[in-house]
Amino acid sequence: VVIDESVSFHHFRMVSNLIEDGTLPPISRPKQNMPILKSAKPFRSMHNCSAQSVWAIINGLTIQNGEIILAPSLWQRAKGAGYQTIYISAQEKGSRYQYFQTPNDISLMDEQYFFGSLPDRGRDRAALSQAMKSLRKDEKVFIFLIKSGSHFPYKAQISRGEVDQYSFPDKIRQKEREYLTSIYRNTFHFLASMLTTLTTRETMVFYTSDHGQNLHASGFPHCNSREPHRAEWEVP
């Protein structure tokens, strides 16, 4: 399970289209754009804030007839099915948990890896490297990976000057260019590397983001409690 940070479906699709039209370089050869990244569908996160959304995914939160229903957690189900459980976080530092993990959740994690102390641009690479290493184990494993992704300020997630290397249409303003470049670099390249590496064993991958982004918000682009925009919930 791969949970990205602050990736909206609208901009995920925009990046795919920008690769197709040549604005952004291809991420894999000989194909210009991996088919799986072109076929992403919109989904609604359960919350427009990170911690609440991740908690809802782990605990299978649904709403039925106005009531909140919780399922056994992913950790419980994975352990019950005989998987070794591995938690990888590109955001948290050490054991400073920030996603409402309970002591029971933590006790069900066989291994934990944290990369939040690394520079922003190196966190996802380190998390992916650990995930690929963990998948080489002989036993079957369940991995829950939280990416560093594309949290604002977006320019902190990309190399200095990278956004200026691409000929974006004039209608796309600077902040959006930085956001698109971050998704291109930190999501598309991450997924391409992961999917092309998963050739040694049978693996099922679930990918989504914790929440979307509203770049037109006067305040924060997500986690707004007053007049939040639907873009804050729409994720790939």
# chains A, B, ... in the order shown; residues from 1 in each chain; ligands from 1
>>> residues_around(residues="A:Glu232", least_positions_apart="2", cutoff="12 Å", atoms="only C-alpha atoms", output="number ranges by chain")
A: 5-11, 43-50, 53, 209-217, 220-225, 227-230, 234-236
>>> write_last_selection(atoms="C-alpha atoms", output="tab-separated table (two decimals), in the first residue's frame")
chain	number	residue	atom	x	y	z
A	5	GLU	CA	1.18	13.13	-0.07
A	6	SER	CA	-0.94	15.98	-1.49
A	7	VAL	CA	-1.46	14.60	-5.01
A	8	SER	CA	-4.68	15.71	-6.69
A	9	PHE	CA	-6.22	13.62	-9.42
A	10	HIS	CA	-6.56	16.66	-11.68
A	11	HIS	CA	-2.84	17.39	-11.55
A	43	PHE	CA	-11.20	8.61	-6.08
A	44	ARG	CA	-12.40	10.44	-2.99
A	45	SER	CA	-10.29	10.45	0.13
A	46	MET	CA	-12.11	10.19	3.47
A	47	HIS	CA	-10.67	13.48	4.71
A	48	ASN	CA	-8.85	16.54	3.42
A	49	CYS	CA	-6.15	16.27	6.13
A	50	SER	CA	-3.33	13.72	6.08
A	53	SER	CA	-7.25	10.20	5.83
A	209	SER	CA	-2.94	9.91	-2.05
A	210	ASP	CA	-3.96	11.06	1.40
A	211	HIS	CA	-5.82	14.06	-0.05
A	212	GLY	CA	-5.82	16.39	-3.04
A	213	GLN	CA	-4.95	20.08	-3.45
A	214	ASN	CA	-6.79	23.28	-4.21
A	215	LEU	CA	-4.17	25.61	-5.67
A	216	HIS	CA	-6.68	28.43	-5.87
A	217	ALA	CA	-7.34	28.53	-2.13
A	220	PHE	CA	-3.94	26.35	2.80
A	221	PRO	CA	-4.41	24.19	-0.33
A	222	HIS	CA	-5.83	21.36	1.82
A	223	CYS	CA	-7.13	20.64	5.33
A	224	ASN	CA	-9.48	23.63	5.23
A	225	SER	CA	-12.39	23.42	7.65
A	227	GLU	CA	-15.52	26.20	2.69
A	228	PRO	CA	-13.18	23.41	1.57
A	229	HIS	CA	-13.10	22.72	-2.16
A	230	ARG	CA	-13.83	19.30	-3.67
A	234	GLU	CA	-10.13	14.15	-5.27
A	235	VAL	CA	-7.12	11.85	-5.58
A	236	PRO	CA	-5.79	9.26	-8.04
>>> closest_atom_pairs(of="stretch 49-147 of chain A", to="stretch 174-187 of chain A", cutoff="9 Å", atoms="only C-alpha atoms", output="CSV")
residue,atom,partner,partner_atom,distance
A:Arg121,CA,A:Asn186,CA,8.1
A:Asp124,CA,A:Asn186,CA,7.2
A:Arg125,CA,A:Asn186,CA,8.6
A:Lys147,CA,A:Asn186,CA,8.9
>>> select_by_dssp(residues="stretch 76-236 of chain A", states="helix (DSSP H, G or I)", output="compact mmCIF listing (two decimals) with all heavy atoms, in the first residue's frame")
# COMPACT_ATOMS: atom_id res chain seq x y z
N GLN A 76 -4.10 -5.82 11.37
CA GLN A 76 -4.73 -7.02 11.89
C GLN A 76 -4.98 -8.04 10.77
O GLN A 76 -4.72 -9.24 10.93
CB GLN A 76 -6.07 -6.67 12.55
CG GLN A 76 -5.92 -5.89 13.85
CD GLN A 76 -7.26 -5.43 14.38
OE1 GLN A 76 -8.00 -4.71 13.71
NE2 GLN A 76 -7.59 -5.86 15.60
N ARG A 77 -5.47 -7.56 9.65
CA ARG A 77 -5.78 -8.47 8.55
C ARG A 77 -4.51 -9.08 7.95
O ARG A 77 -4.48 -10.27 7.61
CB ARG A 77 -6.59 -7.74 7.48
CG ARG A 77 -8.03 -7.52 7.89
CD ARG A 77 -8.87 -6.92 6.79
NE ARG A 77 -8.77 -5.46 6.79
CZ ARG A 77 -9.40 -4.69 5.91
NH1 ARG A 77 -10.12 -5.23 4.95
NH2 ARG A 77 -9.29 -3.38 5.99
N ALA A 78 -3.46 -8.27 7.84
CA ALA A 78 -2.21 -8.79 7.29
C ALA A 78 -1.60 -9.85 8.20
O ALA A 78 -1.17 -10.91 7.74
CB ALA A 78 -1.22 -7.65 7.06
N LYS A 79 -1.58 -9.57 9.51
CA LYS A 79 -1.03 -10.55 10.44
C LYS A 79 -1.87 -11.81 10.46
O LYS A 79 -1.34 -12.92 10.51
CB LYS A 79 -0.95 -9.94 11.85
CG LYS A 79 0.08 -8.84 12.01
CD LYS A 79 1.51 -9.34 11.82
CE LYS A 79 1.96 -10.16 13.00
NZ LYS A 79 3.38 -10.56 12.86
N GLY A 80 -3.20 -11.62 10.40
CA GLY A 80 -4.08 -12.78 10.40
C GLY A 80 -3.91 -13.65 9.18
O GLY A 80 -4.18 -14.86 9.22
N PRO A 103 -1.14 1.89 20.19
CA PRO A 103 -0.15 0.90 20.64
C PRO A 103 -0.38 -0.47 20.01
O PRO A 103 0.58 -1.19 19.72
CB PRO A 103 -0.35 0.88 22.16
CG PRO A 103 -0.84 2.25 22.49
CD PRO A 103 -1.73 2.63 21.33
N ASN A 104 -1.65 -0.81 19.78
CA ASN A 104 -1.94 -2.11 19.16
C ASN A 104 -1.45 -2.12 17.71
O ASN A 104 -0.89 -3.13 17.24
CB ASN A 104 -3.44 -2.40 19.20
CG ASN A 104 -3.75 -3.79 18.70
OD1 ASN A 104 -3.22 -4.79 19.20
ND2 ASN A 104 -4.63 -3.89 17.70
N ASP A 105 -1.67 -1.03 16.98
CA ASP A 105 -1.16 -0.94 15.61
C ASP A 105 0.35 -1.16 15.60
O ASP A 105 0.87 -1.97 14.81
CB ASP A 105 -1.44 0.45 15.00
CG ASP A 105 -2.90 0.69 14.72
OD1 ASP A 105 -3.65 -0.28 14.51
OD2 ASP A 105 -3.30 1.87 14.70
N ILE A 106 1.03 -0.44 16.46
CA ILE A 106 2.49 -0.50 16.49
C ILE A 106 2.98 -1.89 16.84
O ILE A 106 3.98 -2.38 16.29
CB ILE A 106 3.03 0.56 17.47
CG1 ILE A 106 2.65 1.96 16.98
CG2 ILE A 106 4.54 0.44 17.64
CD1 ILE A 106 2.87 3.06 18.00
N SER A 107 2.27 -2.56 17.75
CA SER A 107 2.68 -3.91 18.15
C SER A 107 2.54 -4.92 17.01
O SER A 107 3.18 -5.97 17.03
CB SER A 107 1.85 -4.38 19.35
OG SER A 107 0.51 -4.66 18.97
N ASP A 120 14.21 16.65 2.08
CA ASP A 120 12.93 16.37 1.44
C ASP A 120 13.06 15.53 0.17
O ASP A 120 12.34 14.55 -0.02
CB ASP A 120 12.21 17.68 1.09
CG ASP A 120 11.68 18.39 2.32
OD1 ASP A 120 11.64 17.75 3.40
OD2 ASP A 120 11.31 19.57 2.22
N ARG A 121 13.98 15.91 -0.70
CA ARG A 121 14.05 15.26 -2.01
C ARG A 121 14.63 13.85 -1.96
O ARG A 121 14.54 13.12 -2.95
CB ARG A 121 14.85 16.13 -2.98
CG ARG A 121 14.16 17.44 -3.32
CD ARG A 121 14.86 18.18 -4.46
NE ARG A 121 16.19 18.62 -4.09
CZ ARG A 121 16.44 19.79 -3.49
NH1 ARG A 121 15.47 20.60 -3.17
NH2 ARG A 121 17.69 20.13 -3.21
N GLY A 122 15.20 13.45 -0.82
CA GLY A 122 15.76 12.11 -0.73
C GLY A 122 14.88 11.12 0.00
O GLY A 122 15.17 9.92 0.02
N ARG A 123 13.80 11.60 0.59
CA ARG A 123 13.00 10.72 1.45
C ARG A 123 12.30 9.61 0.69
O ARG A 123 12.33 8.45 1.08
CB ARG A 123 11.96 11.56 2.21
CG ARG A 123 12.56 12.54 3.19
CD ARG A 123 11.48 13.38 3.84
NE ARG A 123 12.03 14.38 4.74
CZ ARG A 123 11.29 15.23 5.43
NH1 ARG A 123 9.97 15.20 5.33
NH2 ARG A 123 11.87 16.11 6.23
N ASP A 124 11.64 9.96 -0.41
CA ASP A 124 10.90 8.95 -1.16
C ASP A 124 11.83 7.93 -1.80
O ASP A 124 11.51 6.74 -1.87
CB ASP A 124 10.02 9.60 -2.22
CG ASP A 124 8.74 10.18 -1.65
OD1 ASP A 124 8.43 9.90 -0.48
OD2 ASP A 124 8.04 10.93 -2.37
N ARG A 125 12.99 8.37 -2.25
CA ARG A 125 13.95 7.42 -2.83
C ARG A 125 14.41 6.42 -1.79
O ARG A 125 14.52 5.22 -2.07
CB ARG A 125 15.15 8.18 -3.41
CG ARG A 125 14.85 8.96 -4.68
CD ARG A 125 16.15 9.37 -5.38
NE ARG A 125 16.97 10.24 -4.56
CZ ARG A 125 16.88 11.56 -4.55
NH1 ARG A 125 15.97 12.16 -5.32
NH2 ARG A 125 17.67 12.29 -3.78
N ALA A 126 14.65 6.90 -0.58
CA ALA A 126 15.08 5.99 0.50
C ALA A 126 13.96 5.02 0.87
O ALA A 126 14.20 3.83 1.10
CB ALA A 126 15.51 6.80 1.72
N ALA A 127 12.72 5.53 0.91
CA ALA A 127 11.57 4.67 1.24
C ALA A 127 11.38 3.60 0.18
O ALA A 127 11.11 2.43 0.49
CB ALA A 127 10.32 5.52 1.39
N LEU A 128 11.51 3.99 -1.09
CA LEU A 128 11.35 3.02 -2.18
C LEU A 128 12.45 1.97 -2.13
O LEU A 128 12.19 0.77 -2.31
CB LEU A 128 11.37 3.74 -3.53
CG LEU A 128 11.28 2.84 -4.75
CD1 LEU A 128 9.99 2.03 -4.75
CD2 LEU A 128 11.38 3.68 -6.03
N SER A 129 13.66 2.40 -1.87
CA SER A 129 14.78 1.45 -1.78
C SER A 129 14.53 0.42 -0.68
O SER A 129 14.77 -0.78 -0.87
CB SER A 129 16.08 2.21 -1.52
OG SER A 129 17.17 1.31 -1.36
N GLN A 130 14.02 0.88 0.45
CA GLN A 130 13.73 -0.05 1.54
C GLN A 130 12.60 -1.00 1.18
O GLN A 130 12.64 -2.19 1.50
CB GLN A 130 13.36 0.73 2.81
CG GLN A 130 13.04 -0.16 4.00
CD GLN A 130 14.19 -1.08 4.36
OE1 GLN A 130 15.31 -0.62 4.61
NE2 GLN A 130 13.93 -2.39 4.40
N ALA A 131 11.57 -0.48 0.50
CA ALA A 131 10.45 -1.33 0.09
C ALA A 131 10.93 -2.43 -0.86
O ALA A 131 10.53 -3.60 -0.73
CB ALA A 131 9.36 -0.49 -0.57
N MET A 132 11.77 -2.07 -1.82
CA MET A 132 12.27 -3.07 -2.77
C MET A 132 13.14 -4.11 -2.06
O MET A 132 13.10 -5.30 -2.37
CB MET A 132 13.07 -2.38 -3.88
CG MET A 132 12.24 -1.46 -4.77
SD MET A 132 10.86 -2.28 -5.63
CE MET A 132 9.48 -1.85 -4.56
N LYS A 133 13.91 -3.65 -1.08
CA LYS A 133 14.72 -4.58 -0.29
C LYS A 133 13.84 -5.53 0.50
O LYS A 133 14.10 -6.75 0.55
CB LYS A 133 15.63 -3.79 0.65
CG LYS A 133 16.52 -4.65 1.52
CD LYS A 133 17.39 -3.79 2.43
CE LYS A 133 18.26 -4.64 3.34
NZ LYS A 133 19.11 -3.78 4.24
N SER A 134 12.76 -5.00 1.09
CA SER A 134 11.86 -5.83 1.88
C SER A 134 11.14 -6.86 1.03
O SER A 134 10.84 -7.98 1.49
CB SER A 134 10.85 -4.95 2.61
OG SER A 134 11.48 -4.09 3.54
N TYR A 154 5.91 23.62 -2.69
CA TYR A 154 6.24 22.63 -3.71
C TYR A 154 7.68 22.72 -4.19
O TYR A 154 8.30 21.70 -4.53
CB TYR A 154 5.27 22.77 -4.89
CG TYR A 154 3.83 22.84 -4.45
CD1 TYR A 154 3.04 23.94 -4.77
CD2 TYR A 154 3.26 21.82 -3.70
CE1 TYR A 154 1.72 24.02 -4.35
CE2 TYR A 154 1.94 21.90 -3.27
CZ TYR A 154 1.18 23.00 -3.60
OH TYR A 154 -0.12 23.09 -3.18
N LYS A 155 8.24 23.92 -4.21
CA LYS A 155 9.60 24.07 -4.70
C LYS A 155 10.62 23.39 -3.80
O LYS A 155 11.75 23.11 -4.23
CB LYS A 155 9.94 25.55 -4.89
CG LYS A 155 9.92 26.38 -3.63
CD LYS A 155 10.21 27.84 -3.96
CE LYS A 155 10.15 28.73 -2.72
NZ LYS A 155 10.41 30.16 -3.07
N ALA A 156 10.23 23.10 -2.55
CA ALA A 156 11.13 22.39 -1.64
C ALA A 156 11.25 20.92 -2.03
O ALA A 156 12.18 20.24 -1.57
CB ALA A 156 10.64 22.51 -0.20
N GLN A 157 10.32 20.43 -2.86
CA GLN A 157 10.30 19.02 -3.22
C GLN A 157 11.04 18.73 -4.53
O GLN A 157 11.11 17.57 -4.95
CB GLN A 157 8.84 18.53 -3.36
CG GLN A 157 7.93 18.95 -2.23
CD GLN A 157 8.38 18.45 -0.88
OE1 GLN A 157 9.06 17.44 -0.77
NE2 GLN A 157 7.99 19.17 0.18
N GLU A 162 14.81 23.20 -11.64
CA GLU A 162 14.26 22.13 -12.48
C GLU A 162 13.01 22.58 -13.23
O GLU A 162 12.83 22.26 -14.40
CB GLU A 162 13.94 20.89 -11.64
CG GLU A 162 13.39 19.75 -12.49
CD GLU A 162 13.11 18.47 -11.71
OE1 GLU A 162 13.27 18.49 -10.47
OE2 GLU A 162 12.75 17.47 -12.34
N VAL A 163 12.15 23.34 -12.55
CA VAL A 163 10.90 23.75 -13.19
C VAL A 163 11.16 24.58 -14.43
O VAL A 163 10.37 24.57 -15.39
CB VAL A 163 10.01 24.52 -12.18
CG1 VAL A 163 10.63 25.86 -11.83
CG2 VAL A 163 8.61 24.69 -12.71
N ASP A 164 12.29 25.29 -14.47
CA ASP A 164 12.60 26.15 -15.62
C ASP A 164 13.13 25.36 -16.82
O ASP A 164 13.31 25.93 -17.90
CB ASP A 164 13.64 27.20 -15.20
CG ASP A 164 13.13 28.10 -14.08
OD1 ASP A 164 11.94 28.44 -14.11
OD2 ASP A 164 13.92 28.42 -13.16
N GLN A 165 13.36 24.08 -16.64
CA GLN A 165 13.85 23.24 -17.73
C GLN A 165 12.73 22.84 -18.70
O GLN A 165 12.99 22.39 -19.81
CB GLN A 165 14.51 21.98 -17.19
CG GLN A 165 15.71 22.23 -16.31
CD GLN A 165 16.23 20.95 -15.68
OE1 GLN A 165 15.89 19.83 -16.11
NE2 GLN A 165 17.06 21.08 -14.66
N GLN A 174 3.46 29.97 -11.96
CA GLN A 174 4.67 29.43 -11.36
C GLN A 174 4.38 28.40 -10.27
O GLN A 174 5.00 27.33 -10.24
CB GLN A 174 5.53 30.56 -10.80
CG GLN A 174 6.85 30.12 -10.19
CD GLN A 174 7.82 29.56 -11.21
OE1 GLN A 174 7.65 29.76 -12.42
NE2 GLN A 174 8.83 28.84 -10.76
N LYS A 175 3.47 28.70 -9.35
CA LYS A 175 3.19 27.77 -8.26
C LYS A 175 2.69 26.44 -8.81
O LYS A 175 3.09 25.37 -8.32
CB LYS A 175 2.16 28.36 -7.30
CG LYS A 175 1.85 27.44 -6.12
CD LYS A 175 1.01 28.14 -5.06
CE LYS A 175 -0.40 28.37 -5.51
NZ LYS A 175 -1.27 28.85 -4.40
N GLU A 176 1.82 26.48 -9.81
CA GLU A 176 1.31 25.24 -10.39
C GLU A 176 2.40 24.50 -11.15
O GLU A 176 2.43 23.27 -11.16
CB GLU A 176 0.12 25.54 -11.30
CG GLU A 176 -0.61 24.30 -11.77
CD GLU A 176 -1.93 24.60 -12.45
OE1 GLU A 176 -2.10 25.75 -12.94
OE2 GLU A 176 -2.79 23.71 -12.50
N ARG A 177 3.30 25.22 -11.77
CA ARG A 177 4.43 24.57 -12.44
C ARG A 177 5.28 23.81 -11.45
O ARG A 177 5.72 22.69 -11.70
CB ARG A 177 5.28 25.61 -13.18
CG ARG A 177 4.57 26.29 -14.35
CD ARG A 177 5.49 27.27 -15.07
NE ARG A 177 4.78 27.95 -16.14
CZ ARG A 177 5.35 28.63 -17.12
NH1 ARG A 177 6.69 28.72 -17.15
NH2 ARG A 177 4.63 29.23 -18.04
N GLU A 178 5.51 24.42 -10.30
CA GLU A 178 6.30 23.75 -9.25
C GLU A 178 5.58 22.51 -8.76
O GLU A 178 6.21 21.46 -8.53
CB GLU A 178 6.54 24.72 -8.11
CG GLU A 178 7.45 25.89 -8.47
CD GLU A 178 7.48 26.98 -7.43
OE1 GLU A 178 6.69 26.90 -6.45
OE2 GLU A 178 8.27 27.93 -7.57
N TYR A 179 4.28 22.60 -8.59
CA TYR A 179 3.48 21.46 -8.11
C TYR A 179 3.50 20.32 -9.13
O TYR A 179 3.71 19.15 -8.78
CB TYR A 179 2.06 21.92 -7.84
CG TYR A 179 1.14 20.86 -7.29
CD1 TYR A 179 1.50 20.09 -6.21
CD2 TYR A 179 -0.12 20.65 -7.86
CE1 TYR A 179 0.64 19.11 -5.69
CE2 TYR A 179 -0.98 19.69 -7.36
CZ TYR A 179 -0.60 18.92 -6.28
OH TYR A 179 -1.45 17.97 -5.78
N LEU A 180 3.30 20.65 -10.41
CA LEU A 180 3.32 19.65 -11.46
C LEU A 180 4.69 18.99 -11.57
O LEU A 180 4.80 17.77 -11.75
CB LEU A 180 2.93 20.28 -12.80
CG LEU A 180 1.47 20.71 -12.94
CD1 LEU A 180 1.30 21.64 -14.14
CD2 LEU A 180 0.55 19.51 -13.06
N THR A 181 5.74 19.79 -11.45
CA THR A 181 7.09 19.24 -11.52
C THR A 181 7.35 18.30 -10.35
O THR A 181 7.99 17.25 -10.50
CB THR A 181 8.13 20.38 -11.53
OG1 THR A 181 7.88 21.23 -12.65
CG2 THR A 181 9.54 19.82 -11.63
N SER A 182 6.83 18.65 -9.18
CA SER A 182 6.99 17.78 -8.02
C SER A 182 6.28 16.45 -8.23
O SER A 182 6.83 15.38 -7.91
CB SER A 182 6.45 18.47 -6.76
OG SER A 182 6.57 17.63 -5.64
N ILE A 183 5.05 16.48 -8.75
CA ILE A 183 4.33 15.22 -9.01
C ILE A 183 5.07 14.40 -10.06
O ILE A 183 5.19 13.17 -9.95
CB ILE A 183 2.89 15.52 -9.46
CG1 ILE A 183 2.10 16.16 -8.30
CG2 ILE A 183 2.19 14.25 -9.93
CD1 ILE A 183 0.71 16.60 -8.68
N TYR A 184 5.55 15.07 -11.10
CA TYR A 184 6.32 14.38 -12.15
C TYR A 184 7.54 13.69 -11.54
O TYR A 184 7.80 12.51 -11.81
CB TYR A 184 6.74 15.39 -13.21
CG TYR A 184 7.76 14.89 -14.20
CD1 TYR A 184 7.42 13.93 -15.15
CD2 TYR A 184 9.07 15.38 -14.19
CE1 TYR A 184 8.37 13.48 -16.07
CE2 TYR A 184 10.01 14.94 -15.09
CZ TYR A 184 9.66 13.99 -16.03
OH TYR A 184 10.59 13.53 -16.93
N ARG A 185 8.27 14.43 -10.71
CA ARG A 185 9.52 13.90 -10.18
C ARG A 185 9.27 12.90 -9.05
O ARG A 185 9.88 11.82 -9.02
CB ARG A 185 10.37 15.07 -9.64
CG ARG A 185 11.67 14.68 -9.00
CD ARG A 185 12.60 13.97 -9.96
NE ARG A 185 12.81 14.77 -11.18
CZ ARG A 185 13.30 14.27 -12.30
NH1 ARG A 185 13.62 12.98 -12.36
NH2 ARG A 185 13.47 15.04 -13.36
N ASN A 186 8.38 13.22 -8.13
CA ASN A 186 8.25 12.45 -6.89
C ASN A 186 7.16 11.38 -6.93
O ASN A 186 7.16 10.49 -6.07
CB ASN A 186 7.99 13.40 -5.72
CG ASN A 186 9.15 14.36 -5.50
OD1 ASN A 186 10.29 13.94 -5.46
ND2 ASN A 186 8.85 15.64 -5.39
N THR A 187 6.24 11.48 -7.89
CA THR A 187 5.20 10.45 -8.00
C THR A 187 5.40 9.59 -9.24
O THR A 187 5.52 8.37 -9.15
CB THR A 187 3.80 11.09 -8.03
OG1 THR A 187 3.55 11.69 -6.75
CG2 THR A 187 2.74 10.05 -8.30
N PHE A 188 5.49 10.21 -10.42
CA PHE A 188 5.59 9.43 -11.65
C PHE A 188 6.91 8.66 -11.71
O PHE A 188 6.92 7.47 -12.06
CB PHE A 188 5.42 10.34 -12.87
CG PHE A 188 3.99 10.54 -13.26
CD1 PHE A 188 3.10 11.15 -12.39
CD2 PHE A 188 3.50 10.11 -14.48
CE1 PHE A 188 1.77 11.34 -12.73
CE2 PHE A 188 2.18 10.28 -14.84
CZ PHE A 188 1.31 10.90 -13.96
N HIS A 189 8.00 9.30 -11.38
CA HIS A 189 9.27 8.58 -11.40
C HIS A 189 9.33 7.52 -10.30
O HIS A 189 9.89 6.44 -10.51
CB HIS A 189 10.43 9.56 -11.27
CG HIS A 189 10.83 10.19 -12.57
ND1 HIS A 189 11.75 9.62 -13.44
CD2 HIS A 189 10.41 11.33 -13.18
CE1 HIS A 189 11.89 10.38 -14.50
NE2 HIS A 189 11.09 11.42 -14.38
N PHE A 190 8.75 7.82 -9.16
CA PHE A 190 8.68 6.84 -8.07
C PHE A 190 7.91 5.59 -8.52
O PHE A 190 8.38 4.46 -8.38
CB PHE A 190 7.99 7.48 -6.87
CG PHE A 190 7.83 6.57 -5.68
CD1 PHE A 190 8.71 6.63 -4.62
CD2 PHE A 190 6.76 5.67 -5.60
CE1 PHE A 190 8.54 5.80 -3.51
CE2 PHE A 190 6.60 4.84 -4.51
CZ PHE A 190 7.49 4.90 -3.46
N LEU A 191 6.71 5.81 -9.07
CA LEU A 191 5.88 4.68 -9.49
C LEU A 191 6.51 3.92 -10.65
O LEU A 191 6.45 2.68 -10.70
CB LEU A 191 4.48 5.16 -9.86
CG LEU A 191 3.63 5.68 -8.69
CD1 LEU A 191 2.33 6.27 -9.22
CD2 LEU A 191 3.34 4.57 -7.69
N ALA A 192 7.11 4.64 -11.58
CA ALA A 192 7.75 3.97 -12.71
C ALA A 192 8.90 3.09 -12.24
O ALA A 192 9.04 1.94 -12.69
CB ALA A 192 8.26 5.01 -13.72
N SER A 193 9.70 3.62 -11.32
CA SER A 193 10.81 2.83 -10.79
C SER A 193 10.29 1.61 -10.03
O SER A 193 10.81 0.50 -10.19
CB SER A 193 11.66 3.71 -9.87
OG SER A 193 12.72 2.97 -9.31
N MET A 194 9.25 1.80 -9.23
CA MET A 194 8.70 0.69 -8.46
C MET A 194 8.11 -0.38 -9.36
O MET A 194 8.39 -1.57 -9.21
CB MET A 194 7.62 1.21 -7.51
CG MET A 194 6.98 0.12 -6.66
SD MET A 194 5.66 0.76 -5.60
CE MET A 194 4.44 1.20 -6.84
N LEU A 195 7.31 0.03 -10.33
CA LEU A 195 6.60 -0.93 -11.17
C LEU A 195 7.53 -1.68 -12.11
O LEU A 195 7.27 -2.84 -12.45
CB LEU A 195 5.50 -0.22 -11.95
CG LEU A 195 4.37 0.36 -11.08
CD1 LEU A 195 3.45 1.24 -11.90
CD2 LEU A 195 3.58 -0.76 -10.43
N THR A 196 8.60 -1.03 -12.56
CA THR A 196 9.55 -1.73 -13.43
C THR A 196 10.48 -2.64 -12.64
O THR A 196 11.10 -3.54 -13.22
CB THR A 196 10.38 -0.73 -14.24
OG1 THR A 196 11.01 0.21 -13.35
CG2 THR A 196 9.51 0.03 -15.23
N THR A 197 10.56 -2.41 -11.33
CA THR A 197 11.40 -3.25 -10.47
C THR A 197 10.65 -4.49 -9.99
O THR A 197 11.26 -5.53 -9.69
CB THR A 197 11.91 -2.44 -9.26
OG1 THR A 197 12.61 -1.29 -9.73
CG2 THR A 197 12.85 -3.27 -8.40
N ARG A 230 -13.82 20.74 -3.36
CA ARG A 230 -13.83 19.30 -3.67
C ARG A 230 -12.45 18.80 -4.13
O ARG A 230 -12.11 17.63 -3.97
CB ARG A 230 -14.86 18.99 -4.75
CG ARG A 230 -14.63 19.69 -6.08
CD ARG A 230 -15.69 19.33 -7.10
NE ARG A 230 -15.56 17.94 -7.50
CZ ARG A 230 -16.41 17.34 -8.34
NH1 ARG A 230 -17.47 18.00 -8.82
NH2 ARG A 230 -16.23 16.09 -8.69
N ALA A 231 -11.62 19.72 -4.68
CA ALA A 231 -10.28 19.33 -5.13
C ALA A 231 -9.43 18.82 -3.97
O ALA A 231 -8.45 18.09 -4.19
CB ALA A 231 -9.60 20.50 -5.81
N GLU A 232 -9.78 19.19 -2.75
CA GLU A 232 -9.01 18.73 -1.59
C GLU A 232 -9.26 17.25 -1.30
O GLU A 232 -8.49 16.63 -0.55
CB GLU A 232 -9.36 19.56 -0.36
CG GLU A 232 -9.00 21.03 -0.50
CD GLU A 232 -9.34 21.83 0.75
OE1 GLU A 232 -9.14 21.32 1.87
OE2 GLU A 232 -9.85 22.97 0.61
>>> select_by_dssp(residues="stretch 36-210 of chain A", states="strand (DSSP E)", output="PyMOL selection string")
chain A and resi 43-44+62-64+67-69+84-89+111-114+141-146+207-209
>>> closest_residue(among="A:Ile146, A:Leu24, A:Ile58, A:Met204", to="A:Thr102", atoms="only C-alpha atoms")
A:Ile58
>>> residues_around(residues="A:Phe142", least_positions_apart="5", cutoff="7 Å", atoms="only C-alpha atoms", output="CSV table (one decimal) with all heavy atoms, in the first residue's frame")
chain,number,residue,atom,x,y,z
A,78,ALA,N,-3.5,-8.3,7.8
A,78,ALA,CA,-2.2,-8.8,7.3
A,78,ALA,C,-1.6,-9.8,8.2
A,78,ALA,O,-1.2,-10.9,7.7
A,78,ALA,CB,-1.2,-7.7,7.1
A,83,TYR,N,1.2,-12.6,6.9
A,83,TYR,CA,2.2,-11.8,6.3
A,83,TYR,C,3.1,-11.2,7.4
A,83,TYR,O,2.7,-10.9,8.5
A,83,TYR,CB,1.5,-10.6,5.6
A,83,TYR,CG,0.8,-11.0,4.3
A,83,TYR,CD1,-0.4,-11.6,4.2
A,83,TYR,CD2,1.5,-10.7,3.0
A,83,TYR,CE1,-1.0,-11.9,3.0
A,83,TYR,CE2,0.9,-11.1,1.8
A,83,TYR,CZ,-0.4,-11.7,1.9
A,83,TYR,OH,-1.0,-12.0,0.7
A,84,GLN,N,4.4,-11.0,7.0
A,84,GLN,CA,5.2,-10.2,7.8
A,84,GLN,C,4.9,-8.7,7.5
A,84,GLN,O,4.7,-8.3,6.3
A,84,GLN,CB,6.7,-10.4,7.4
A,84,GLN,CG,7.7,-9.6,8.3
A,84,GLN,CD,9.1,-9.9,8.0
A,84,GLN,OE1,9.5,-10.3,6.9
A,84,GLN,NE2,10.0,-9.6,9.0
A,85,THR,N,4.7,-7.9,8.5
A,85,THR,CA,4.2,-6.6,8.3
A,85,THR,C,5.3,-5.5,8.5
A,85,THR,O,6.1,-5.6,9.4
A,85,THR,CB,3.1,-6.2,9.4
A,85,THR,OG1,3.6,-6.5,10.7
A,85,THR,CG2,1.9,-7.1,9.1
A,86,ILE,N,5.4,-4.6,7.5
A,86,ILE,CA,6.5,-3.6,7.4
A,86,ILE,C,5.9,-2.2,7.2
A,86,ILE,O,5.1,-2.0,6.3
A,86,ILE,CB,7.4,-4.0,6.3
A,86,ILE,CG1,8.0,-5.4,6.5
A,86,ILE,CG2,8.5,-2.9,6.2
A,86,ILE,CD1,8.9,-5.9,5.4
>>> atom_distance(atom1="atom CA of A:Met14", atom2="atom CA of A:Ile57")
25.5 Å
>>> residues_around(residues="A:Tyr207", least_positions_apart="6", cutoff="7 Å", atoms="only C-alpha atoms", output="PyMOL selection string")
chain A and resi 1-3
>>> atom_distance(atom1="atom CA of A:Gly22", atom2="atom CA of A:Lys171")
16.7 Å
>>> closest_residue(among="A:Leu135, A:Ile172, A:Leu70, A:Val141", to="A:Leu198", atoms="only C-alpha atoms")
A:Leu135
